[in-house]
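**Student:** Next comes protein-v8.cif, mmCIF, C-alpha atoms and all ligand atoms:
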```cif
data_model
loop_
_atom_site.label_atom_id
_atom_site.label_comp_id
_atom_site.auth_asym_id
_atom_site.auth_seq_id
_atom_site.Cartn_x
_atom_site.Cartn_y
_atom_site.Cartn_z
CA MET A 1 -28.60 -7.41 -34.45
CA THR A 2 -28.65 -10.99 -35.70
CA THR A 3 -29.45 -13.79 -33.25
CA ASP A 4 -26.08 -15.32 -33.99
CA LEU A 5 -24.15 -12.15 -33.15
CA ARG A 6 -26.25 -11.72 -30.02
CA ALA A 7 -25.60 -15.27 -28.82
CA ARG A 8 -21.86 -14.97 -29.41
CA ALA A 9 -21.80 -11.64 -27.59
CA LEU A 10 -23.60 -13.13 -24.60
CA ALA A 11 -21.20 -16.06 -24.46
CA ALA A 12 -18.12 -13.81 -24.55
CA LEU A 13 -19.54 -11.39 -21.99
CA ALA A 14 -20.30 -14.27 -19.64
CA ASP A 15 -16.58 -15.04 -19.43
CA GLN A 16 -15.18 -11.50 -19.42
CA THR A 17 -13.38 -10.47 -16.22
CA ILE A 18 -12.17 -7.11 -14.96
CA GLU A 19 -9.57 -6.68 -12.20
CA LEU A 20 -10.09 -4.11 -9.44
CA PRO A 21 -7.38 -1.97 -7.80
CA SER A 22 -7.18 -2.22 -4.00
CA TRP A 23 -6.33 1.50 -3.84
CA ALA A 24 -9.73 2.43 -5.30
CA PHE A 25 -11.17 1.43 -1.91
CA GLY A 26 -8.85 3.63 0.13
CA ASN A 27 -9.02 7.38 0.49
CA SER A 28 -7.48 9.38 -2.34
CA GLY A 29 -7.47 12.89 -3.63
CA THR A 30 -5.44 15.52 -5.36
CA ARG A 31 -2.42 17.36 -4.02
CA PHE A 32 -4.91 19.89 -2.68
CA LYS A 33 -7.10 17.66 -0.53
CA VAL A 34 -7.81 14.07 0.31
CA PHE A 35 -11.44 13.73 1.43
CA GLY A 36 -12.23 10.99 3.91
CA GLN A 37 -15.47 9.08 3.49
CA PRO A 38 -17.43 7.14 6.11
CA GLY A 39 -16.96 3.38 5.95
CA VAL A 40 -13.68 3.41 3.99
CA ALA A 41 -11.56 0.28 4.43
CA ARG A 42 -8.88 0.42 7.11
CA ASP A 43 -6.66 -2.42 5.98
CA PRO A 44 -6.09 -4.75 3.03
CA PHE A 45 -8.56 -7.29 4.41
CA GLU A 46 -11.35 -4.70 4.32
CA LYS A 47 -10.30 -3.52 0.86
CA ILE A 48 -10.74 -7.09 -0.36
CA GLU A 49 -14.14 -7.26 1.31
CA ASP A 50 -15.11 -4.15 -0.66
CA ALA A 51 -13.80 -5.57 -3.91
CA ALA A 52 -15.76 -8.76 -3.23
CA GLN A 53 -18.93 -6.65 -3.03
CA VAL A 54 -18.25 -5.36 -6.53
CA HIS A 55 -17.84 -8.94 -7.75
CA ARG A 56 -20.93 -10.08 -5.87
CA TYR A 57 -23.16 -7.64 -7.76
CA THR A 58 -21.46 -7.62 -11.17
CA GLY A 59 -20.22 -11.23 -11.34
CA ALA A 60 -17.38 -9.89 -13.51
CA ALA A 61 -14.68 -8.69 -11.11
CA PRO A 62 -13.06 -11.75 -9.51
CA ARG A 63 -9.53 -10.35 -8.94
CA VAL A 64 -7.98 -7.53 -6.89
CA SER A 65 -4.61 -5.90 -7.64
CA LEU A 66 -2.48 -5.11 -4.62
CA HIS A 67 0.01 -2.27 -4.16
CA VAL A 68 3.17 -2.82 -2.12
CA PRO A 69 3.89 -1.49 0.47
CA TRP A 70 0.36 -0.01 0.83
CA ASP A 71 -1.11 -3.49 1.13
CA LEU A 72 1.60 -5.13 3.19
CA VAL A 73 0.28 -7.64 5.74
CA ASP A 74 2.08 -10.05 8.05
CA ASP A 75 0.56 -13.10 6.45
CA PHE A 76 -0.15 -12.96 2.72
CA ALA A 77 -1.36 -16.55 2.62
CA LYS A 78 -4.03 -15.47 5.08
CA LEU A 79 -4.97 -12.51 2.88
CA ALA A 80 -5.24 -14.79 -0.16
CA ALA A 81 -7.38 -17.23 1.84
CA HIS A 82 -9.59 -14.34 2.96
CA ALA A 83 -10.02 -13.36 -0.70
CA ALA A 84 -10.84 -16.95 -1.67
CA ASP A 85 -13.45 -17.16 1.10
CA LEU A 86 -15.12 -14.13 -0.44
CA GLY A 87 -14.99 -15.55 -3.97
CA VAL A 88 -12.16 -13.41 -5.34
CA SER A 89 -8.41 -13.82 -5.84
CA ILE A 90 -5.28 -11.70 -5.83
CA GLY A 91 -4.36 -10.19 -9.19
CA ALA A 92 -1.35 -8.10 -10.16
CA ILE A 93 1.16 -7.00 -7.53
CA ASN A 94 2.10 -3.35 -8.08
CA SER A 95 5.48 -2.15 -6.92
CA ASN A 96 5.91 1.38 -5.58
CA LEU A 97 8.91 3.46 -6.65
CA PHE A 98 7.37 6.88 -6.02
CA GLN A 99 7.20 7.42 -2.28
CA ASP A 100 10.72 7.09 -0.95
CA ASP A 101 13.10 10.00 -0.39
CA ASP A 102 15.92 7.93 -1.85
CA TYR A 103 14.16 8.03 -5.23
CA ARG A 104 14.23 11.81 -5.69
CA LEU A 105 16.57 11.44 -8.67
CA GLY A 106 15.25 8.10 -9.81
CA SER A 107 14.90 4.48 -8.71
CA LEU A 108 15.79 1.86 -11.32
CA THR A 109 17.56 4.62 -13.28
CA HIS A 110 19.29 6.31 -10.33
CA PRO A 111 22.93 7.26 -10.93
CA ASP A 112 23.90 5.60 -7.63
CA GLU A 113 24.05 1.82 -7.83
CA ALA A 114 23.05 1.45 -4.16
CA VAL A 115 19.72 3.16 -4.83
CA ARG A 116 19.15 1.03 -7.93
CA ASP A 117 19.85 -2.07 -5.85
CA LYS A 118 17.30 -0.96 -3.29
CA ALA A 119 14.66 -0.52 -6.01
CA ILE A 120 15.48 -3.96 -7.42
CA ALA A 121 15.28 -5.52 -3.95
CA HIS A 122 11.80 -4.01 -3.56
CA HIS A 123 10.76 -6.11 -6.56
CA ALA A 124 12.15 -9.23 -4.91
CA GLN A 125 9.78 -8.44 -2.04
CA CYS A 126 6.91 -8.08 -4.54
CA VAL A 127 7.76 -11.43 -6.14
CA ASP A 128 7.63 -13.02 -2.68
CA VAL A 129 4.14 -11.55 -2.30
CA MET A 130 3.23 -13.07 -5.67
CA ARG A 131 4.39 -16.48 -4.52
CA ALA A 132 2.46 -16.21 -1.26
CA THR A 133 -0.77 -15.05 -2.91
CA GLY A 134 -0.73 -17.00 -6.18
CA SER A 135 -0.46 -13.82 -8.23
CA THR A 136 1.15 -14.16 -11.66
CA ASP A 137 1.63 -10.52 -12.66
CA LEU A 138 4.31 -8.14 -11.36
CA LYS A 139 3.29 -4.64 -12.44
CA LEU A 140 5.89 -1.96 -12.62
CA TRP A 141 5.13 1.68 -13.22
CA LEU A 142 8.39 3.60 -13.39
CA PRO A 143 7.91 7.12 -12.03
CA ASP A 144 11.53 8.05 -12.85
CA GLY A 145 12.39 11.07 -14.93
CA THR A 146 14.06 14.47 -14.95
CA ASN A 147 12.75 18.00 -14.62
CA TYR A 148 15.43 20.00 -16.46
CA ALA A 149 17.32 19.57 -19.71
CA GLY A 150 20.82 18.46 -18.89
CA GLN A 151 19.86 17.31 -15.39
CA ASP A 152 21.06 13.81 -16.24
CA ASP A 153 22.21 11.91 -19.28
CA LEU A 154 19.09 10.62 -21.06
CA ARG A 155 20.88 7.69 -22.67
CA GLY A 156 22.75 6.77 -19.53
CA ARG A 157 19.44 6.52 -17.70
CA GLN A 158 18.10 4.12 -20.35
CA GLU A 159 21.18 1.90 -20.04
CA ARG A 160 20.84 1.79 -16.25
CA LEU A 161 17.12 1.07 -16.61
CA ALA A 162 17.76 -1.81 -19.02
CA ASP A 163 20.23 -3.32 -16.59
CA SER A 164 17.91 -2.90 -13.57
CA LEU A 165 14.94 -4.35 -15.45
CA GLN A 166 17.00 -7.36 -16.40
CA GLN A 167 17.71 -7.97 -12.72
CA VAL A 168 14.02 -7.63 -11.87
CA TYR A 169 13.07 -9.95 -14.72
CA ALA A 170 15.54 -12.56 -13.45
CA LEU A 171 13.54 -12.71 -10.19
CA LEU A 172 10.43 -14.06 -11.92
CA ASP A 173 9.25 -17.66 -11.82
CA PRO A 174 8.39 -19.34 -15.14
CA GLY A 175 4.62 -18.69 -14.85
CA HIS A 176 5.12 -15.04 -13.88
CA ARG A 177 4.83 -11.98 -16.11
CA LEU A 178 6.37 -8.54 -15.87
CA LEU A 179 3.88 -5.83 -16.85
CA LEU A 180 5.67 -2.61 -17.75
CA GLU A 181 3.65 0.61 -17.68
CA TYR A 182 4.44 3.92 -19.38
CA LYS A 183 3.39 7.50 -18.72
CA PHE A 184 4.24 10.62 -20.70
CA TYR A 185 4.59 13.11 -17.83
CA GLU A 186 4.39 13.35 -14.05
CA PRO A 187 5.85 13.16 -11.49
CA TYR A 188 8.63 14.62 -13.68
CA PHE A 189 8.00 17.17 -16.38
CA TYR A 190 11.01 17.32 -18.72
CA ALA A 191 11.62 13.67 -19.59
CA MET A 192 10.08 10.54 -18.15
CA ASP A 193 12.28 7.46 -18.51
CA ILE A 194 9.42 5.30 -19.85
CA PRO A 195 7.25 7.95 -21.45
CA ASP A 196 5.56 5.91 -24.16
CA TRP A 197 4.56 2.47 -25.43
CA GLY A 198 7.54 2.32 -27.77
CA THR A 199 10.03 2.66 -24.93
CA SER A 200 8.13 0.15 -22.83
CA LEU A 201 7.95 -2.29 -25.74
CA LEU A 202 11.68 -1.97 -26.49
CA HIS A 203 12.53 -2.85 -22.92
CA CYS A 204 10.03 -5.73 -22.92
CA MET A 205 11.48 -7.14 -26.12
CA ALA A 206 14.98 -6.97 -24.71
CA LEU A 207 13.84 -8.77 -21.56
CA GLY A 208 11.98 -11.70 -23.08
CA GLU A 209 8.62 -13.35 -23.60
CA GLN A 210 7.43 -12.84 -20.02
CA ALA A 211 7.54 -9.05 -20.31
CA THR A 212 4.54 -7.20 -21.72
CA VAL A 213 3.30 -3.62 -21.90
CA VAL A 214 0.60 -2.07 -19.68
CA LEU A 215 -1.52 0.57 -21.32
CA ASP A 216 -2.98 3.02 -18.83
CA THR A 217 -5.59 4.99 -20.74
CA GLY A 218 -4.78 8.17 -18.78
CA HIS A 219 -1.07 8.15 -19.60
CA HIS A 220 -1.01 9.73 -23.06
CA ALA A 221 -0.91 13.21 -24.49
CA PRO A 222 -4.38 14.58 -25.26
CA GLY A 223 -5.58 13.49 -28.69
CA THR A 224 -3.43 10.34 -28.84
CA ASN A 225 -5.08 7.56 -30.81
CA ILE A 226 -5.04 4.92 -28.09
CA GLU A 227 -6.76 2.20 -30.12
CA PHE A 228 -3.90 2.37 -32.62
CA ILE A 229 -1.48 1.51 -29.82
CA VAL A 230 -3.77 -1.32 -28.71
CA MET A 231 -3.79 -2.72 -32.24
CA GLN A 232 -0.01 -2.45 -32.58
CA LEU A 233 0.76 -4.11 -29.25
CA LEU A 234 -1.71 -6.91 -30.02
CA ARG A 235 -0.02 -7.45 -33.41
CA VAL A 236 3.25 -8.27 -31.70
CA GLY A 237 1.68 -10.13 -28.79
CA ARG A 238 2.87 -7.67 -26.15
CA LEU A 239 -0.29 -6.14 -24.74
CA GLY A 240 -0.22 -7.52 -21.21
CA ALA A 241 -2.81 -5.38 -19.51
CA PHE A 242 -4.89 -2.24 -19.39
CA ASP A 243 -5.16 0.22 -16.58
CA PHE A 244 -8.59 1.63 -17.42
CA ASN A 245 -9.73 5.07 -16.34
CA SER A 246 -11.00 8.30 -17.92
CA ARG A 247 -9.29 11.60 -18.37
CA TYR A 248 -10.20 15.08 -19.51
CA TYR A 249 -6.78 16.70 -18.99
CA GLY A 250 -3.99 14.67 -17.41
CA ASP A 251 -3.88 11.46 -15.42
CA ASP A 252 -7.33 12.19 -14.01
CA ASP A 253 -8.12 8.58 -12.94
CA LEU A 254 -11.86 9.15 -13.33
CA ILE A 255 -14.38 6.37 -13.92
CA VAL A 256 -13.63 4.47 -17.12
CA GLY A 257 -16.08 5.29 -19.90
CA SER A 258 -17.27 8.46 -18.20
CA ALA A 259 -15.35 11.02 -20.23
CA ASP A 260 -15.32 9.40 -23.66
CA PRO A 261 -17.40 6.24 -24.06
CA PHE A 262 -16.74 6.23 -27.81
CA GLN A 263 -12.99 5.97 -27.19
CA LEU A 264 -13.52 3.04 -24.83
CA PHE A 265 -15.68 1.40 -27.50
CA ARG A 266 -12.95 1.94 -30.14
CA ILE A 267 -10.40 0.34 -27.81
CA MET A 268 -12.64 -2.67 -27.16
CA ASN A 269 -13.35 -2.88 -30.87
CA GLU A 270 -9.62 -3.49 -31.51
CA ILE A 271 -9.62 -6.12 -28.76
CA VAL A 272 -12.58 -7.95 -30.27
CA ALA A 273 -11.24 -7.59 -33.82
CA ALA A 274 -8.01 -9.29 -32.71
CA ASP A 275 -9.94 -11.93 -30.77
CA ALA A 276 -8.11 -10.85 -27.62
CA LEU A 277 -10.99 -10.56 -25.18
CA LEU A 278 -10.47 -14.00 -23.68
CA GLY A 279 -7.43 -16.21 -23.40
CA ALA A 280 -5.03 -13.82 -25.11
CA GLY A 281 -3.21 -12.77 -21.94
CA VAL A 282 -4.68 -9.27 -21.73
CA ASN A 283 -5.55 -8.40 -18.14
CA PHE A 284 -8.35 -5.81 -18.10
CA MET A 285 -7.65 -3.84 -14.94
CA LEU A 286 -9.01 -0.63 -13.49
CA ASP A 287 -6.64 2.03 -12.15
CA GLN A 288 -8.90 4.68 -10.69
CA CYS A 289 -9.47 6.86 -7.69
CA HIS A 290 -12.88 7.80 -6.39
CA ASN A 291 -12.04 11.09 -4.72
CA ILE A 292 -15.54 12.48 -4.27
CA GLU A 293 -17.93 9.63 -5.11
CA PRO A 294 -18.46 6.52 -2.97
CA LYS A 295 -15.94 3.86 -3.82
CA ILE A 296 -17.81 0.55 -4.09
CA PRO A 297 -20.58 2.04 -6.26
CA GLY A 298 -17.87 3.84 -8.28
CA GLN A 299 -16.20 0.52 -9.01
CA ILE A 300 -19.53 -1.15 -9.83
CA ARG A 301 -20.28 1.63 -12.31
CA SER A 302 -16.80 1.23 -13.83
CA VAL A 303 -17.22 -2.51 -14.37
CA MET A 304 -20.62 -1.90 -15.96
CA ASN A 305 -19.11 0.72 -18.29
CA VAL A 306 -16.42 -1.70 -19.48
CA GLN A 307 -19.06 -4.37 -20.02
CA GLU A 308 -21.20 -1.96 -22.06
CA ALA A 309 -18.30 -0.94 -24.30
CA THR A 310 -17.37 -4.60 -24.73
CA ALA A 311 -20.93 -5.59 -25.60
CA LYS A 312 -21.09 -2.90 -28.26
CA ALA A 313 -17.75 -4.01 -29.73
CA LEU A 314 -19.02 -7.59 -29.85
CA LEU A 315 -22.08 -6.43 -31.79
CA VAL A 316 -20.09 -4.91 -34.65
CA ASP A 317 -21.15 -6.67 -37.85
CA ARG A 318 -17.62 -7.68 -38.88
CA GLU A 319 -18.64 -9.14 -42.22
CA ALA A 320 -20.43 -5.97 -43.26
CA LEU A 321 -17.48 -3.95 -41.97
CA ALA A 322 -14.94 -5.97 -43.97
CA ALA A 323 -17.07 -5.81 -47.12
CA ALA A 324 -17.40 -2.03 -46.81
CA GLN A 325 -13.65 -1.68 -46.21
CA ARG A 326 -12.85 -3.85 -49.25
CA SER A 327 -15.12 -1.87 -51.52
CA GLY A 328 -13.83 1.45 -50.24
CA ASP A 329 -17.21 2.48 -48.88
CA VAL A 330 -15.99 4.89 -46.25
CA LEU A 331 -19.34 5.78 -44.76
CA ALA A 332 -20.68 2.23 -44.66
CA ALA A 333 -17.50 1.09 -42.90
CA HIS A 334 -17.71 3.87 -40.35
CA GLY A 335 -21.43 3.18 -40.03
CA ALA A 336 -20.77 -0.43 -39.08
CA LEU A 337 -18.96 0.90 -36.02
CA THR A 338 -21.34 3.72 -35.14
CA ASP A 339 -24.38 1.42 -35.49
CA ALA A 340 -22.89 -0.92 -32.92
CA PHE A 341 -21.87 1.98 -30.68
CA SER A 342 -25.40 3.41 -30.81
CA THR A 343 -27.02 0.12 -29.75
CA ASP A 344 -28.54 0.16 -26.27
CA VAL A 345 -26.84 -2.91 -24.79
CA ARG A 346 -28.30 -2.53 -21.32
CA PRO A 347 -31.12 -5.05 -21.96
CA LEU A 348 -28.54 -7.57 -23.24
CA LEU A 349 -26.40 -7.11 -20.12
CA ALA A 350 -29.48 -7.35 -17.90
CA GLU A 351 -30.27 -10.67 -19.57
CA LEU A 352 -26.68 -11.84 -19.05
CA ARG A 353 -26.79 -10.99 -15.35
CA GLU A 354 -30.14 -12.66 -14.80
CA SER A 355 -28.87 -15.80 -16.52
CA LYS A 356 -26.06 -15.82 -13.90
CA GLY A 357 -28.55 -15.37 -11.06
CA LEU A 358 -27.53 -11.74 -10.53
CA ASP A 359 -29.70 -8.67 -10.28
CA ALA A 360 -30.21 -7.02 -13.68
CA ASP A 361 -28.91 -3.74 -12.25
CA PRO A 362 -25.85 -4.24 -10.00
CA TYR A 363 -25.65 -0.57 -9.09
CA ALA A 364 -29.25 -0.42 -7.84
CA ALA A 365 -28.98 -3.82 -6.15
CA TYR A 366 -25.92 -2.70 -4.17
CA ALA A 367 -27.67 0.55 -3.18
CA ARG A 368 -30.67 -1.45 -1.92
CA SER A 369 -28.51 -3.93 0.00
CA GLY A 370 -27.77 -1.50 2.84
CA HIS A 371 -24.09 -2.51 2.74
CA GLN A 372 -22.84 1.06 2.35
CA GLU A 373 -24.74 2.14 5.48
CA ARG A 374 -23.53 -0.95 7.34
CA ILE A 375 -19.82 -0.30 6.72
CA ALA A 376 -20.28 3.36 7.62
CA ARG A 377 -21.78 2.22 10.93
CA GLU A 378 -19.36 -0.60 11.66
CA ARG A 379 -16.01 0.68 10.47
CA VAL A 380 -15.29 3.12 13.24
CA GLY A 381 -11.91 3.61 14.84
CA GLY A 382 -8.60 2.74 13.24
CA THR A 383 -7.05 4.60 10.35
CA GLN A 384 -8.65 4.64 6.95
CA ALA A 385 -6.51 3.32 4.13
CA GLY A 386 -4.93 5.78 1.73
CA TRP A 387 -1.83 6.35 -0.35
CA GLY A 388 0.46 5.94 2.64
CA ALA A 389 2.88 3.10 3.09
C1 LIG B 401 0.33 5.48 -11.21
C2 LIG B 401 0.24 4.30 -12.16
C3 LIG B 401 0.18 2.99 -11.47
C4 LIG B 401 -0.60 3.00 -10.20
C5 LIG B 401 -0.37 4.21 -9.36
C6 LIG B 401 -1.28 4.27 -8.17
O1 LIG B 401 0.03 6.66 -11.86
O2 LIG B 401 -0.87 4.49 -13.00
O3 LIG B 401 -0.37 2.03 -12.33
O4 LIG B 401 -0.12 1.90 -9.49
O5 LIG B 401 -0.52 5.36 -10.13
MN MN B 402 -1.76 2.89 -14.00
#
```
Before we go any further, please render this structure as structure tokens.
Ligand code: RM4
Ligand code: MN
**Tutor:**
Amino acid sequence: MTTDLRARALAALADQTIELPSWAFGNSGTRFKVFGQPGVARDPFEKIEDAAQVHRYTGAAPRVSLHVPWDLVDDFAKLAAHAADLGVSIGAINSNLFQDDDYRLGSLTHPDEAVRDKAIAHHAQCVDVMRATGSTDLKLWLPDGTNYAGQDDLRGRQERLADSLQQVYALLDPGHRLLLEYKFYEPYFYAMDIPDWGTSLLHCMALGEQATVVLDTGHHAPGTNIEFIVMQLLRVGRLGAFDFNSRYYGDDDLIVGSADPFQLFRIMNEIVAADALLGAGVNFMLDQCHNIEPKIPGQIRSVMNVQEATAKALLVDREALAAAQRSGDVLAAHGALTDAFSTDVRPLLAELRESKGLDADPYAAYARSGHQERIARERVGGTQAGWGA
């Protein structure tokens, strides 16, 4: 790698940030079993303490997304101050439309206006949380859908959704954004109401400039070319955020970069090619669950994986790539990517961390710190956090 490319990569990596999900620090599992783990956070304050540990060792994770009502507290200003004391801040506020009996047939798409109103009012509550915590992003994953052909009118549901979203959008302050997520299946299996990026984008475009698409890497059919979607959303300035995770089958929510590091590299390559790593309004978030592995180390590993993929994307020789593309040299063009992907960027990242006064290996440094043993010892009594409201 040239010294120039290396220096530019280091500078970009120094400013890259990754947002952590509060729910990664609570207990989670599958529909078969939720395993408890010693030392798991019991309330949102402890979740933020855990997230702050990830930031302390990586220096790259200064924000925490909250989920409402899971993270409801009496005093959100106090929670934000607690975060600030620990060197982090509150990121996106996630609404929850998937755990209320009233939403069996839908929330923002429900045939009954009273239920739709309730789902809209929930977003007013989330916007209040944004105001109290200084968050700028309202993140909406719509779990609505149908299980059987004919169960409801597909088009009617879209019209009701458009109307509900407009009411949610109207709640936002000028500096706020609406991040609209899509998912191709689950919890419904015939038709989801926002199954894909196209549907999400259409709704965002109808709403206005403050609405952008969230791409959760686990929310596509197997084999989908995700980097193509990244490129397309960047082209039209509507990629608001990622929910990063890995999948082998469905929405597995495994550690980002664990299943297919080359895919993560290809995604970050589109980001770097479009100069969208910094200052382009793309919020790089994690949406993961650590069902069997310890949570803080799981998040540290995830941040490191995103940094590695980013570093490799920054090392692509873009001049050589463009020249090969222009001359139709298929293998040289592909080689420009695979050369960068094959580079061991761990020494570069170690250098970056040391220049920030951090340990070269955040994962090992956290393990040595004794923190995991301390929380296991100290956090006794109370109820561990999980997917309950
Ligand atoms: C959903 C979706 C949302 C996340 C919840 C926990 O599948 O990915 O982003 O808030 O899970
Ligand atoms: Mn998600």
**Student:** Taking 2 positions as the minimum chain separation for residues in the same chain, which residues sit within 10 Å of Asn283 in chain A when counting only C-alpha atoms? Answer as a ChimeraX atom specification.
**Tutor:** /A:17-19,91-92,137,179,214,239-243,277-281,285-286
**Student:** Using all atoms listed in the file, which residues sit within 10 Å of Pro261 in chain A once same-chain residues fewer than 5 positions away are excluded, as an mmCIF file with C-alpha atoms, in the coordinates of the input?
**Tutor:**
```cif
data_model
loop_
_atom_site.group_PDB
_atom_site.id
_atom_site.type_symbol
_atom_site.label_atom_id
_atom_site.label_comp_id
_atom_site.auth_asym_id
_atom_site.auth_seq_id
_atom_site.Cartn_x
_atom_site.Cartn_y
_atom_site.Cartn_z
ATOM 1 C CA SER A 246 -11.000 8.300 -17.920
ATOM 2 C CA VAL A 256 -13.630 4.470 -17.120
ATOM 3 C CA ARG A 266 -12.950 1.940 -30.140
ATOM 4 C CA ILE A 267 -10.400 0.340 -27.810
ATOM 5 C CA ASN A 305 -19.110 0.720 -18.290
ATOM 6 C CA VAL A 306 -16.420 -1.700 -19.480
ATOM 7 C CA GLU A 308 -21.200 -1.960 -22.060
ATOM 8 C CA ALA A 309 -18.300 -0.940 -24.300
ATOM 9 C CA PHE A 341 -21.870 1.980 -30.680
#
```
**Student:** Within 7 Å of (-1.0, 15.4, -21.5), all atoms listed in the file: residues as an NGL selection string?
**Tutor:** :A and (220-222 or 249-250)
**Student:** Find the spatial neighbours of Pro62 in chain A, counting all atoms listed in the file, within a cut-off of 12 Å - ignore same-chain residues fewer than 2 positions away - and output them as a ChimeraX atom specification.
**Tutor:** /A:15-21,48-60,64-65,83-91,283-285,303
**Student:** Could the residues that lie within 8 Å of ligand LIG 401 (chain B), counting only C-alpha atoms and all ligand atoms, be listed as a count of residues only?
**Tutor:** 17
**Student:** Return the single residue from A:Ser369, A:Thr217, A:Asn225, A:Asn147 that is closest to ligand MN 402 (chain B), with distances computed using only C-alpha atoms and all ligand atoms.
**Tutor:**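 The shortest atom-to-atom distance to ligand MN 402 (chain B) comes from A:Thr217.
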**Student:** When you draw a straight line from CA of Gly198 in chain A to CA of Gln210 in chain A, how long is it in Å?
**Tutor:**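 For CA of Gly198 in chain A relative to CA of Gln210 in chain A, the distance reads 17.0 Å.
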**Student:** Find the spatial neighbours of range 343-357 of chain A, counting only C-alpha atoms, within a cut-off of 7 Å - ignore same-chain residues fewer than 4 positions away - and output them as a list in words.
**Tutor:**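 Contacts, with the query itself left out: Leu10, Ala14, Glu308, Ala311, Lys312, Asp339 and Asp361 of chain A.
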**Student:** Which residue, A:Ala332, A:Ala119, A:Ala11, A:Leu161, has the smallest gap to Tyr103 in chain A when you use all atoms listed in the file?
**Tutor:** A:Ala119
**Student:** Which value, in Å to one decimal, gives the distance between CA of Leu79 in chain A and CA of His290 in chain A?
**Tutor:**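 These atoms are spaced 23.7 Å apart.
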**Student:** Please, what is the axis-aligned box for every listed atom of range 173-191 of chain A with 5 Å on each side, as centre and edge lengths in Å to one decimal, as AutoDock Vina command-line options?
**Tutor:**
```
--center_x 7.5 --center_y -1.0 --center_z -16.1 --size_x 18.2 --size_y 46.7 --size_z 19.2
```
**Student:** Name the closest residue to Tyr148 in chain A among the candidates A:Ala313, A:Val282, A:Leu337, A:Leu105; distances are taken between atoms, counting all atoms listed in the file.
**Tutor:**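 Among the listed residues, the smallest separation from Tyr148 in chain A belongs to A:Leu105.
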**Student:** Could you check how far CA of Trp70 in chain A sits from CA of Gly386 in chain A, in Å to one decimal?
**Tutor:**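 Answer for the CA of Trp70 in chain A to CA of Gly386 in chain A separation: 7.9 Å.
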**Student:** Could you check the closest approach to ligand MN 402 (chain B) for each of A:Asn245, A:Ser22, A:Gln372, A:Thr146 and tell me which residue wins, using all atoms listed in the file?
**Tutor:**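 Smallest separation from ligand MN 402 (chain B) among the options: A:Asn245.
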**Student:** Please identify all polymer residues lying at most 10 Å from the point (1.7, -10.5, -2.3) (file coordinates), using all atoms listed in the file, and present the result as JSON, numbers by chain.
**Tutor:** {"A": [65, 66, 67, 68, 69, 71, 72, 73, 75, 76, 77, 79, 80, 90, 91, 92, 93, 94, 125, 126, 127, 128, 129, 130, 131, 132, 133, 134, 135, 138]}
